[in-house]
Amino acid sequence: MTKYENQIPTTAGMDMKSLTSILRDSLRKNVERRPSGSIPVERYLQASASEFSKLSQVTWFGHSAFLLEIEGHRLLFDPMLGERPSPVSWVGTRRFSRELPMQPEDFPVLDAIVISHDHYDHLDAASIRRLKNKTKRFIVPLGVRKRLVKWGVPADQITEHQWGDEFTFKALTFACMPARHFSGRGLLDRNSTLWCSWIIIGEGTKVFFSGDSGYGPHFKEIGSKYGPFDLTLMECGQYDKRWSNIHMMPEETVQAHLDVGGKLLIPIHWGAFTLAYHAWNEPAERVTRAARTAQVSIATPKIGETVVVNEQVATTGPWWRQTKD
């Protein structure tokens, strides 16, 4: 079996001491790991044909799922739209929001679905089955094709890519680039598929999506080759000092954004599920504070709220402090 590795030595922090402390933390009741009430979700509003051809905009669906509409093309990234990021539907943490901005069957036609890696909170079988007829192109890292074929996606609609691949698709340039993470969906398939970040370049817009990643030198390398970026969507959530090699802390999220030469930062990988031991809204508090300190432009949209790239951004404020019972 092929085994993939990170660019630099990377451990997941799962030694016996860490496992013991993780068990202790799982029993703590003094951290609000889920919202006490419902969180706001906006309905997705499709742009008119004339607006769609001109605008570049992004709509966040919670966690790392987002719809990028760029210069007349629609790309859906890491569409985990299910109830639980789990191998079975009745085990694991539930989604915070009681509804989605849009159900999978209601999506407009997509030019492509793009995947960063095969973990359950990024690649969801039920979501793929419900979305597979919305597109004829899946763009994935090496090894992920077999997952999609198993769920009914035709093999000839899937292209697999390795780090450093650069290709053109429908007038957009894509680059599959490194991330510092790992892969696997079971006990015996760890690192059997590749994980990655993605670059999308249009005629007038450049976007960077970090995928899941610990902080590392690859961010400066990407910035040096491809930056600056009009928009970055950066992992910010499900972090812990014990596994900081594979998930950035919020302050590192801001630094990674600066490393790649980002203009506007949207922090993702939070707001949908409890997968770590910090408070559910701590990522937003810490990353906005770090962004202010570093004088970084940041947008923190509600789930379902659309942010237009290259326009003056007026964020909705700290909506995560205003949950409703």
# chains A, B, ... in the order shown; residues from 1 in each chain; ligands from 1
>>> closest_atom_pairs(of="region 158-192 of chain A", to="region 122-133 of chain A", cutoff="12 Å", atoms="only C-alpha atoms", output="JSON lines")
{"residue": "A:Ile158", "atom": "CA", "partner": "A:Lys132", "partner_atom": "CA", "distance": 11.1}
{"residue": "A:Ser183", "atom": "CA", "partner": "A:His122", "partner_atom": "CA", "distance": 10.8}
{"residue": "A:Gly184", "atom": "CA", "partner": "A:Leu123", "partner_atom": "CA", "distance": 10.8}
{"residue": "A:Arg185", "atom": "CA", "partner": "A:Leu123", "partner_atom": "CA", "distance": 9.7}
>>> residues_around(residues="Val149 (chain A)", least_positions_apart="3", cutoff="12 Å", atoms="only C-alpha atoms", output="VMD selection string")
chain A and resid 125 128 to 129 132 138 143 to 146 152 to 159
>>> write_last_selection(atoms="N, CA, C and O atoms", output="short mmCIF file (atom, residue, chain, number, x, y, z; two decimals), in the first residue's frame")
data_model
loop_
_atom_site.label_atom_id
_atom_site.label_comp_id
_atom_site.auth_asym_id
_atom_site.auth_seq_id
_atom_site.Cartn_x
_atom_site.Cartn_y
_atom_site.Cartn_z
N ALA A 125 -19.66 10.58 2.59
CA ALA A 125 -20.26 9.71 1.58
C ALA A 125 -21.68 10.14 1.22
O ALA A 125 -22.05 10.22 0.05
N ILE A 128 -21.71 13.30 -0.91
CA ILE A 128 -21.26 13.04 -2.29
C ILE A 128 -22.36 12.35 -3.09
O ILE A 128 -22.61 12.70 -4.26
N ARG A 129 -23.03 11.39 -2.49
CA ARG A 129 -24.11 10.70 -3.20
C ARG A 129 -25.22 11.67 -3.59
O ARG A 129 -25.83 11.55 -4.65
N LYS A 132 -23.55 14.16 -6.48
CA LYS A 132 -22.76 13.66 -7.61
C LYS A 132 -23.38 13.98 -8.97
O LYS A 132 -22.66 14.08 -9.97
N PHE A 138 -14.78 15.93 -10.56
CA PHE A 138 -14.28 15.90 -9.19
C PHE A 138 -12.77 16.02 -9.25
O PHE A 138 -12.11 15.28 -9.98
N GLY A 143 -5.22 9.06 -4.71
CA GLY A 143 -5.79 7.99 -3.92
C GLY A 143 -7.24 8.15 -3.56
O GLY A 143 -7.90 7.18 -3.17
N VAL A 144 -7.80 9.36 -3.71
CA VAL A 144 -9.17 9.61 -3.27
C VAL A 144 -10.19 9.14 -4.30
O VAL A 144 -11.36 8.93 -3.96
N ARG A 145 -9.76 8.92 -5.53
CA ARG A 145 -10.69 8.43 -6.56
C ARG A 145 -11.44 7.19 -6.09
O ARG A 145 -12.66 7.06 -6.29
N LYS A 146 -10.73 6.26 -5.46
CA LYS A 146 -11.36 4.99 -5.06
C LYS A 146 -12.52 5.22 -4.09
O LYS A 146 -13.49 4.45 -4.09
N GLY A 152 -20.42 5.74 -6.27
CA GLY A 152 -21.19 5.88 -7.49
C GLY A 152 -20.75 6.98 -8.44
O GLY A 152 -21.43 7.24 -9.43
N VAL A 153 -19.61 7.63 -8.17
CA VAL A 153 -19.11 8.65 -9.09
C VAL A 153 -18.35 7.96 -10.21
O VAL A 153 -17.45 7.15 -9.94
N PRO A 154 -18.66 8.23 -11.48
CA PRO A 154 -17.93 7.60 -12.59
C PRO A 154 -16.44 7.93 -12.53
O PRO A 154 -16.05 9.09 -12.32
N ALA A 155 -15.59 6.93 -12.70
CA ALA A 155 -14.15 7.12 -12.57
C ALA A 155 -13.63 8.16 -13.55
O ALA A 155 -12.67 8.89 -13.24
N ASP A 156 -14.24 8.23 -14.75
CA ASP A 156 -13.73 9.17 -15.76
C ASP A 156 -14.11 10.62 -15.46
O ASP A 156 -13.68 11.53 -16.18
N GLN A 157 -14.88 10.85 -14.40
CA GLN A 157 -15.21 12.22 -13.99
C GLN A 157 -14.29 12.71 -12.86
O GLN A 157 -14.46 13.82 -12.36
N ILE A 158 -13.31 11.89 -12.50
CA ILE A 158 -12.44 12.21 -11.37
C ILE A 158 -11.01 12.37 -11.86
O ILE A 158 -10.49 11.51 -12.59
N THR A 159 -10.37 13.47 -11.48
CA THR A 159 -8.94 13.62 -11.75
C THR A 159 -8.21 13.70 -10.42
O THR A 159 -8.61 14.43 -9.51
#
>>> select_by_dssp(residues="region 7-126 of chain A", states="alpha helix (DSSP H)", output="NGL selection string")
:A and (16-26 or 49-52 or 125-126)
>>> closest_atom_pairs(of="region 160-236 of chain A", to="region 279-292 of chain A", cutoff="12 Å", atoms="only C-alpha atoms", output="tab-separated table")
residue	atom	partner	partner_atom	distance
A:Met234	CA	A:Val287	CA	10.5
A:Glu235	CA	A:Pro283	CA	9.9
A:Cys236	CA	A:Pro283	CA	6.1
>>> write_last_selection(atoms="N, CA, C and O atoms", output="PDB file, in the first residue's frame")
ATOM      1  N   MET A 234      -8.556  29.716   5.431  1.00  0.00           N
ATOM      2  CA  MET A 234      -7.529  29.086   6.249  1.00  0.00           C
ATOM      3  C   MET A 234      -8.130  28.293   7.400  1.00  0.00           C
ATOM      4  O   MET A 234      -9.006  28.790   8.117  1.00  0.00           O
ATOM      5  N   GLU A 235      -7.591  27.099   7.596  1.00  0.00           N
ATOM      6  CA  GLU A 235      -7.996  26.292   8.735  1.00  0.00           C
ATOM      7  C   GLU A 235      -7.823  27.064  10.036  1.00  0.00           C
ATOM      8  O   GLU A 235      -6.774  27.656  10.295  1.00  0.00           O
ATOM      9  N   CYS A 236      -8.861  27.043  10.874  1.00  0.00           N
ATOM     10  CA  CYS A 236      -8.807  27.718  12.176  1.00  0.00           C
ATOM     11  C   CYS A 236      -9.846  27.065  13.081  1.00  0.00           C
ATOM     12  O   CYS A 236     -10.968  27.525  13.190  1.00  0.00           O
TER      13      CYS A 236
END
>>> atom_distance(atom1="CA of Glu99 (chain A)", atom2="CA of Gly82 (chain A)")
10.4 Å
>>> closest_residue(among="A:Pro318, A:Pro108, A:Gly271, A:Gly304", to="Arg33 (chain A)", atoms="only C-alpha atoms")
A:Gly271
>>> residues_around(residues="Ile113 (chain A)", least_positions_apart="2", cutoff="6 Å", atoms="only C-alpha atoms", output="list of chain:residue names")
A:Leu75, A:Leu76, A:Phe77, A:Phe138
>>> atom_distance(atom1="CA of Leu142 (chain A)", atom2="CA of Val88 (chain A)")
24.7 Å
>>> closest_residue(among="A:Thr193, A:Ser297, A:Thr59, A:Ser116", to="His257 (chain A)", atoms="only C-alpha atoms")
A:Ser297
>>> atom_distance(atom1="CA of Leu110 (chain A)", atom2="CA of Leu68 (chain A)")
10.0 Å
>>> decode(residues="region 271-304 of chain A", atoms="N, CA and C atoms", output="PDB file, in the first residue's frame")
ATOM      1  N   GLY A 271     -17.284  26.163  13.620  1.00  0.00           N
ATOM      2  CA  GLY A 271     -18.663  26.610  13.465  1.00  0.00           C
ATOM      3  C   GLY A 271     -19.676  25.557  13.071  1.00  0.00           C
ATOM      4  N   ALA A 272     -19.245  24.270  12.974  1.00  0.00           N
ATOM      5  CA  ALA A 272     -20.199  23.231  12.584  1.00  0.00           C
ATOM      6  C   ALA A 272     -20.188  22.027  13.512  1.00  0.00           C
ATOM      7  N   PHE A 273     -18.995  21.616  13.961  1.00  0.00           N
ATOM      8  CA  PHE A 273     -18.873  20.393  14.748  1.00  0.00           C
ATOM      9  C   PHE A 273     -17.900  20.592  15.907  1.00  0.00           C
ATOM     10  N   THR A 274     -18.053  19.785  16.935  1.00  0.00           N
ATOM     11  CA  THR A 274     -17.103  19.720  18.039  1.00  0.00           C
ATOM     12  C   THR A 274     -16.158  18.556  17.790  1.00  0.00           C
ATOM     13  N   LEU A 275     -14.909  18.868  17.468  1.00  0.00           N
ATOM     14  CA  LEU A 275     -13.913  17.822  17.224  1.00  0.00           C
ATOM     15  C   LEU A 275     -12.679  17.988  18.110  1.00  0.00           C
ATOM     16  N   ALA A 276     -12.619  19.064  18.877  1.00  0.00           N
ATOM     17  CA  ALA A 276     -11.493  19.319  19.778  1.00  0.00           C
ATOM     18  C   ALA A 276     -12.046  19.733  21.132  1.00  0.00           C
ATOM     19  N   TYR A 277     -11.171  20.204  22.023  1.00  0.00           N
ATOM     20  CA  TYR A 277     -11.577  20.451  23.406  1.00  0.00           C
ATOM     21  C   TYR A 277     -11.640  21.928  23.767  1.00  0.00           C
ATOM     22  N   HIS A 278     -11.466  22.805  22.794  1.00  0.00           N
ATOM     23  CA  HIS A 278     -11.655  24.232  23.062  1.00  0.00           C
ATOM     24  C   HIS A 278     -13.141  24.577  22.949  1.00  0.00           C
ATOM     25  N   ALA A 279     -13.525  25.735  23.458  1.00  0.00           N
ATOM     26  CA  ALA A 279     -14.904  26.200  23.295  1.00  0.00           C
ATOM     27  C   ALA A 279     -15.228  26.340  21.814  1.00  0.00           C
ATOM     28  N   TRP A 280     -16.468  26.116  21.452  1.00  0.00           N
ATOM     29  CA  TRP A 280     -16.830  26.080  20.034  1.00  0.00           C
ATOM     30  C   TRP A 280     -16.545  27.403  19.334  1.00  0.00           C
ATOM     31  N   ASN A 281     -16.660  28.535  20.060  1.00  0.00           N
ATOM     32  CA  ASN A 281     -16.474  29.857  19.458  1.00  0.00           C
ATOM     33  C   ASN A 281     -15.099  30.462  19.740  1.00  0.00           C
ATOM     34  N   GLU A 282     -14.240  29.738  20.449  1.00  0.00           N
ATOM     35  CA  GLU A 282     -12.905  30.257  20.736  1.00  0.00           C
ATOM     36  C   GLU A 282     -12.098  30.553  19.474  1.00  0.00           C
ATOM     37  N   PRO A 283     -12.170  29.717  18.408  1.00  0.00           N
ATOM     38  CA  PRO A 283     -11.403  30.039  17.204  1.00  0.00           C
ATOM     39  C   PRO A 283     -11.707  31.427  16.659  1.00  0.00           C
ATOM     40  N   ALA A 284     -12.979  31.814  16.641  1.00  0.00           N
ATOM     41  CA  ALA A 284     -13.346  33.127  16.110  1.00  0.00           C
ATOM     42  C   ALA A 284     -12.802  34.249  16.978  1.00  0.00           C
ATOM     43  N   GLU A 285     -12.869  34.080  18.284  1.00  0.00           N
ATOM     44  CA  GLU A 285     -12.363  35.106  19.183  1.00  0.00           C
ATOM     45  C   GLU A 285     -10.851  35.279  19.025  1.00  0.00           C
ATOM     46  N   ARG A 286     -10.142  34.178  18.992  1.00  0.00           N
ATOM     47  CA  ARG A 286      -8.681  34.259  18.934  1.00  0.00           C
ATOM     48  C   ARG A 286      -8.183  34.742  17.574  1.00  0.00           C
ATOM     49  N   VAL A 287      -8.801  34.256  16.499  1.00  0.00           N
ATOM     50  CA  VAL A 287      -8.291  34.643  15.175  1.00  0.00           C
ATOM     51  C   VAL A 287      -8.613  36.097  14.861  1.00  0.00           C
ATOM     52  N   THR A 288      -9.767  36.600  15.303  1.00  0.00           N
ATOM     53  CA  THR A 288     -10.069  38.014  15.053  1.00  0.00           C
ATOM     54  C   THR A 288      -9.156  38.913  15.873  1.00  0.00           C
ATOM     55  N   ARG A 289      -8.843  38.499  17.087  1.00  0.00           N
ATOM     56  CA  ARG A 289      -7.918  39.277  17.910  1.00  0.00           C
ATOM     57  C   ARG A 289      -6.519  39.294  17.282  1.00  0.00           C
ATOM     58  N   ALA A 290      -6.056  38.138  16.818  1.00  0.00           N
ATOM     59  CA  ALA A 290      -4.742  38.065  16.183  1.00  0.00           C
ATOM     60  C   ALA A 290      -4.705  38.859  14.879  1.00  0.00           C
ATOM     61  N   ALA A 291      -5.810  38.841  14.143  1.00  0.00           N
ATOM     62  CA  ALA A 291      -5.874  39.595  12.883  1.00  0.00           C
ATOM     63  C   ALA A 291      -5.792  41.094  13.150  1.00  0.00           C
ATOM     64  N   ARG A 292      -6.487  41.554  14.187  1.00  0.00           N
ATOM     65  CA  ARG A 292      -6.411  42.974  14.534  1.00  0.00           C
ATOM     66  C   ARG A 292      -4.981  43.370  14.883  1.00  0.00           C
ATOM     67  N   THR A 293      -4.324  42.549  15.672  1.00  0.00           N
ATOM     68  CA  THR A 293      -2.954  42.833  16.075  1.00  0.00           C
ATOM     69  C   THR A 293      -2.020  42.922  14.868  1.00  0.00           C
ATOM     70  N   ALA A 294      -2.220  42.038  13.906  1.00  0.00           N
ATOM     71  CA  ALA A 294      -1.362  41.988  12.721  1.00  0.00           C
ATOM     72  C   ALA A 294      -1.865  42.882  11.594  1.00  0.00           C
ATOM     73  N   GLN A 295      -2.971  43.608  11.836  1.00  0.00           N
ATOM     74  CA  GLN A 295      -3.581  44.489  10.831  1.00  0.00           C
ATOM     75  C   GLN A 295      -3.938  43.728   9.551  1.00  0.00           C
ATOM     76  N   VAL A 296      -4.533  42.555   9.747  1.00  0.00           N
ATOM     77  CA  VAL A 296      -4.984  41.694   8.652  1.00  0.00           C
ATOM     78  C   VAL A 296      -6.478  41.899   8.432  1.00  0.00           C
ATOM     79  N   SER A 297      -6.884  42.047   7.185  1.00  0.00           N
ATOM     80  CA  SER A 297      -8.308  42.138   6.851  1.00  0.00           C
ATOM     81  C   SER A 297      -8.931  40.755   6.989  1.00  0.00           C
ATOM     82  N   ILE A 298     -10.010  40.678   7.768  1.00  0.00           N
ATOM     83  CA  ILE A 298     -10.633  39.383   8.047  1.00  0.00           C
ATOM     84  C   ILE A 298     -12.140  39.508   7.894  1.00  0.00           C
ATOM     85  N   ALA A 299     -12.756  38.479   7.352  1.00  0.00           N
ATOM     86  CA  ALA A 299     -14.208  38.380   7.254  1.00  0.00           C
ATOM     87  C   ALA A 299     -14.645  37.143   8.029  1.00  0.00           C
ATOM     88  N   THR A 300     -15.660  37.303   8.857  1.00  0.00           N
ATOM     89  CA  THR A 300     -16.189  36.190   9.644  1.00  0.00           C
ATOM     90  C   THR A 300     -17.683  36.047   9.345  1.00  0.00           C
ATOM     91  N   PRO A 301     -18.013  35.555   8.161  1.00  0.00           N
ATOM     92  CA  PRO A 301     -19.428  35.489   7.771  1.00  0.00           C
ATOM     93  C   PRO A 301     -20.200  34.458   8.582  1.00  0.00           C
ATOM     94  N   LYS A 302     -21.493  34.695   8.682  1.00  0.00           N
ATOM     95  CA  LYS A 302     -22.376  33.657   9.192  1.00  0.00           C
ATOM     96  C   LYS A 302     -22.389  32.499   8.205  1.00  0.00           C
ATOM     97  N   ILE A 303     -22.778  31.331   8.651  1.00  0.00           N
ATOM     98  CA  ILE A 303     -22.955  30.213   7.740  1.00  0.00           C
ATOM     99  C   ILE A 303     -24.039  30.602   6.724  1.00  0.00           C
ATOM    100  N   GLY A 304     -23.699  30.492   5.457  1.00  0.00           N
ATOM    101  CA  GLY A 304     -24.629  30.849   4.391  1.00  0.00           C
ATOM    102  C   GLY A 304     -24.489  32.267   3.885  1.00  0.00           C
TER     103      GLY A 304
END
